[in-house]
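J.: What follows is a structure written as structure tokens; I'll ask about it next.
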Amino acid sequence: MWDLQDLFRRHSRELNRFLQRRVSSPEVAADLTQELFLRLLTATPAAPVLDRRSYLFRAAGNLAINHRKRERLVEFVADPDLLDRIADETPNAERALLSRQQLLIVAAALTEFPPVHREIFMLSRVDGLSHADIGRQLGLPRQRVFDYLVRIVVRLQARLQETAQETSYEIPR
């Protein structure tokens, strides 16, 4: 896990100077520096990060490249205000963190079920198999697969609802 406070304390100024050399203004560089650390809240690197400083500068460079691409796009659009009307489907940092917490709750609740139930759930929700296909694969009647899935989903919804009430957030439908 990342110690973001320590990374910010040690590298934010240096990253900001790095970004100032690559973008149009100090304000944009400051915004991108903050965005970088917000993204680190939800980052899940594909491989272990051995050199965090290099990782930070690579990510900052990528943010600068993406920012310059957006600036060039604005130059080609007759009315740049129209770009604000394009919906951004990317989840914000808060939504990503909430989703990660919900995933941990689901994973913990799944451990309470027998292995065959967990396998049915994974085949259905992750692999997208139909009840009949799961039944054929596991040698179970389609109705039993359906019944197990209903039990699992009801318990998972209850756990998520309990946690939502404890932490005062709303579960999206």
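By convention in this document, the chains of the structure tokens carry letters A, B, ... by their order, each chain's residues are numbered from 1, and ligands are numbered from 1 in the order they are shown.
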Which residues are close to segment 92-96 of chain A, i.e. within 7 Å by only C-alpha atoms, leaving aside same-chain residues fewer than 3 positions away? Reply as an NGL selection string.

T.: :A and (38-39 or 42 or 99-100)

J.: Export N, CA and C atoms of the chosen residues as a compact mmCIF listing (two decimals), in the first residue's frame?

T.:
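Ended up saving to part15.txt:
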# COMPACT_ATOMS: atom_id res chain seq x y z
N LEU A 38 -4.49 12.10 -6.43
CA LEU A 38 -5.85 11.57 -6.32
C LEU A 38 -5.96 10.22 -7.03
N ARG A 39 -5.34 10.13 -8.19
CA ARG A 39 -5.39 8.86 -8.92
C ARG A 39 -4.65 7.76 -8.18
N THR A 42 -6.62 5.35 -5.94
CA THR A 42 -7.35 4.22 -6.51
C THR A 42 -6.51 3.39 -7.45
N SER A 99 -16.31 1.69 -4.69
CA SER A 99 -16.44 0.42 -5.41
C SER A 99 -15.45 -0.61 -4.88
N ARG A 100 -14.24 -0.16 -4.59
CA ARG A 100 -13.22 -1.07 -4.06
C ARG A 100 -13.66 -1.59 -2.68

J.: Could you write out, as an NGL selection string, all the residues of segment 32-160 of chain A that DSSP marks as alpha helix (DSSP H)?

T.: :A and (32-42 or 52-76 or 93-110 or 115-125 or 131-138 or 142-160)

J.: Please produce a file of those selected residues containing C-alpha atoms, as an mmCIF file, in the first residue's frame.

T.:
data_model
loop_
_atom_site.group_PDB
_atom_site.id
_atom_site.type_symbol
_atom_site.label_atom_id
_atom_site.label_comp_id
_atom_site.auth_asym_id
_atom_site.auth_seq_id
_atom_site.Cartn_x
_atom_site.Cartn_y
_atom_site.Cartn_z
ATOM 1 C CA LEU A 32 -2.121 17.887 -12.535
ATOM 2 C CA THR A 33 0.059 17.274 -9.469
ATOM 3 C CA GLN A 34 -3.059 17.039 -7.319
ATOM 4 C CA GLU A 35 -4.781 14.846 -9.888
ATOM 5 C CA LEU A 36 -1.806 12.489 -9.859
ATOM 6 C CA PHE A 37 -2.069 11.956 -6.116
ATOM 7 C CA LEU A 38 -5.852 11.567 -6.316
ATOM 8 C CA ARG A 39 -5.388 8.861 -8.920
ATOM 9 C CA LEU A 40 -2.892 7.101 -6.680
ATOM 10 C CA LEU A 41 -5.697 6.657 -4.138
ATOM 11 C CA THR A 42 -7.350 4.220 -6.511
ATOM 12 C CA ARG A 52 8.021 4.723 -6.696
ATOM 13 C CA ARG A 53 9.733 7.969 -7.712
ATOM 14 C CA SER A 54 10.100 6.755 -11.309
ATOM 15 C CA TYR A 55 6.508 5.554 -11.271
ATOM 16 C CA LEU A 56 5.331 8.990 -10.106
ATOM 17 C CA PHE A 57 7.278 10.801 -12.817
ATOM 18 C CA ARG A 58 6.078 8.398 -15.517
ATOM 19 C CA ALA A 59 2.480 8.919 -14.409
ATOM 20 C CA ALA A 60 2.995 12.709 -14.263
ATOM 21 C CA GLY A 61 4.452 12.663 -17.769
ATOM 22 C CA ASN A 62 1.431 10.716 -19.009
ATOM 23 C CA LEU A 63 -0.927 13.234 -17.386
ATOM 24 C CA ALA A 64 0.950 16.069 -19.101
ATOM 25 C CA ILE A 65 0.710 14.322 -22.485
ATOM 26 C CA ASN A 66 -3.030 13.762 -22.035
ATOM 27 C CA HIS A 67 -3.503 17.393 -20.986
ATOM 28 C CA ARG A 68 -1.693 18.658 -24.091
ATOM 29 C CA LYS A 69 -3.848 16.399 -26.275
ATOM 30 C CA ARG A 70 -6.986 17.889 -24.699
ATOM 31 C CA GLU A 71 -5.648 21.421 -25.258
ATOM 32 C CA ARG A 72 -5.029 20.668 -28.949
ATOM 33 C CA LEU A 73 -8.539 19.252 -29.249
ATOM 34 C CA VAL A 74 -9.997 22.450 -27.829
ATOM 35 C CA GLU A 75 -8.131 24.446 -30.489
ATOM 36 C CA PHE A 76 -9.958 22.505 -33.232
ATOM 37 C CA ALA A 93 -11.721 8.936 -6.954
ATOM 38 C CA GLU A 94 -14.534 8.761 -4.393
ATOM 39 C CA ARG A 95 -16.622 6.404 -6.547
ATOM 40 C CA ALA A 96 -13.612 4.195 -7.281
ATOM 41 C CA LEU A 97 -12.775 3.943 -3.580
ATOM 42 C CA LEU A 98 -16.383 3.119 -2.722
ATOM 43 C CA SER A 99 -16.436 0.419 -5.410
ATOM 44 C CA ARG A 100 -13.223 -1.074 -4.058
ATOM 45 C CA GLN A 101 -14.716 -1.150 -0.533
ATOM 46 C CA GLN A 102 -17.864 -2.836 -1.834
ATOM 47 C CA LEU A 103 -15.757 -5.411 -3.656
ATOM 48 C CA LEU A 104 -13.964 -6.247 -0.394
ATOM 49 C CA ILE A 105 -17.331 -6.687 1.334
ATOM 50 C CA VAL A 106 -18.529 -9.013 -1.438
ATOM 51 C CA ALA A 107 -15.294 -11.029 -1.337
ATOM 52 C CA ALA A 108 -15.576 -11.441 2.448
ATOM 53 C CA ALA A 109 -19.235 -12.469 2.246
ATOM 54 C CA LEU A 110 -18.491 -15.017 -0.476
ATOM 55 C CA PRO A 115 -17.065 -23.664 -2.662
ATOM 56 C CA VAL A 116 -19.717 -24.812 -5.145
ATOM 57 C CA HIS A 117 -21.838 -21.739 -4.385
ATOM 58 C CA ARG A 118 -18.835 -19.444 -4.899
ATOM 59 C CA GLU A 119 -18.033 -21.191 -8.177
ATOM 60 C CA ILE A 120 -21.620 -20.755 -9.369
ATOM 61 C CA PHE A 121 -21.487 -17.066 -8.480
ATOM 62 C CA MET A 122 -18.181 -16.550 -10.316
ATOM 63 C CA LEU A 123 -19.324 -18.474 -13.392
ATOM 64 C CA SER A 124 -22.487 -16.398 -13.522
ATOM 65 C CA ARG A 125 -21.256 -12.902 -12.617
ATOM 66 C CA HIS A 131 -27.819 -20.947 -15.435
ATOM 67 C CA ALA A 132 -28.169 -23.873 -17.833
ATOM 68 C CA ASP A 133 -24.496 -23.678 -18.884
ATOM 69 C CA ILE A 134 -23.365 -23.557 -15.262
ATOM 70 C CA GLY A 135 -25.604 -26.502 -14.432
ATOM 71 C CA ARG A 136 -24.153 -28.548 -17.296
ATOM 72 C CA GLN A 137 -20.591 -27.622 -16.304
ATOM 73 C CA LEU A 138 -21.089 -28.519 -12.638
ATOM 74 C CA ARG A 142 -30.552 -25.437 -13.741
ATOM 75 C CA GLN A 143 -33.101 -24.679 -11.011
ATOM 76 C CA ARG A 144 -30.611 -25.508 -8.252
ATOM 77 C CA VAL A 145 -28.063 -23.153 -9.853
ATOM 78 C CA PHE A 146 -30.730 -20.441 -9.893
ATOM 79 C CA ASP A 147 -31.682 -21.116 -6.245
ATOM 80 C CA TYR A 148 -28.044 -20.902 -5.096
ATOM 81 C CA LEU A 149 -27.538 -17.668 -7.002
ATOM 82 C CA VAL A 150 -30.632 -16.123 -5.443
ATOM 83 C CA ARG A 151 -29.378 -17.014 -1.941
ATOM 84 C CA ILE A 152 -25.948 -15.565 -2.671
ATOM 85 C CA VAL A 153 -27.237 -12.346 -4.210
ATOM 86 C CA VAL A 154 -29.734 -11.764 -1.397
ATOM 87 C CA ARG A 155 -27.023 -12.216 1.248
ATOM 88 C CA LEU A 156 -24.577 -9.986 -0.653
ATOM 89 C CA GLN A 157 -27.191 -7.251 -0.990
ATOM 90 C CA ALA A 158 -27.919 -7.476 2.734
ATOM 91 C CA ARG A 159 -24.209 -7.161 3.596
ATOM 92 C CA LEU A 160 -23.765 -4.194 1.291
#

J.: Would you compute the distance between atom CA of Ala29 of chain A and atom CA of Asp6 of chain A? Give it in Å to one decimal.

T.: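 Distance reported for this atom pair: 20.0 Å.
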
J.: Pick the closest to Asp51 of chain A from A:Gly139, A:Gln20, A:Val126, A:Leu7: which is it, counting only C-alpha atoms?

T.: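 Of the candidates, the smallest distance to Asp51 of chain A is held by A:Leu7.
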
J.: Could you work out how far atom CA of Glu27 of chain A lies from atom CA of Arg13 of chain A, giving the answer in Å with one decimal?

T.: 13.1 Å

J.: Figure out the distance between atom CA of Glu112 of chain A and atom CA of Ala164 of chain A, please, to one decimal in Å.

T.: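 Atom CA of Glu112 of chain A lies 19.7 Å from atom CA of Ala164 of chain A.
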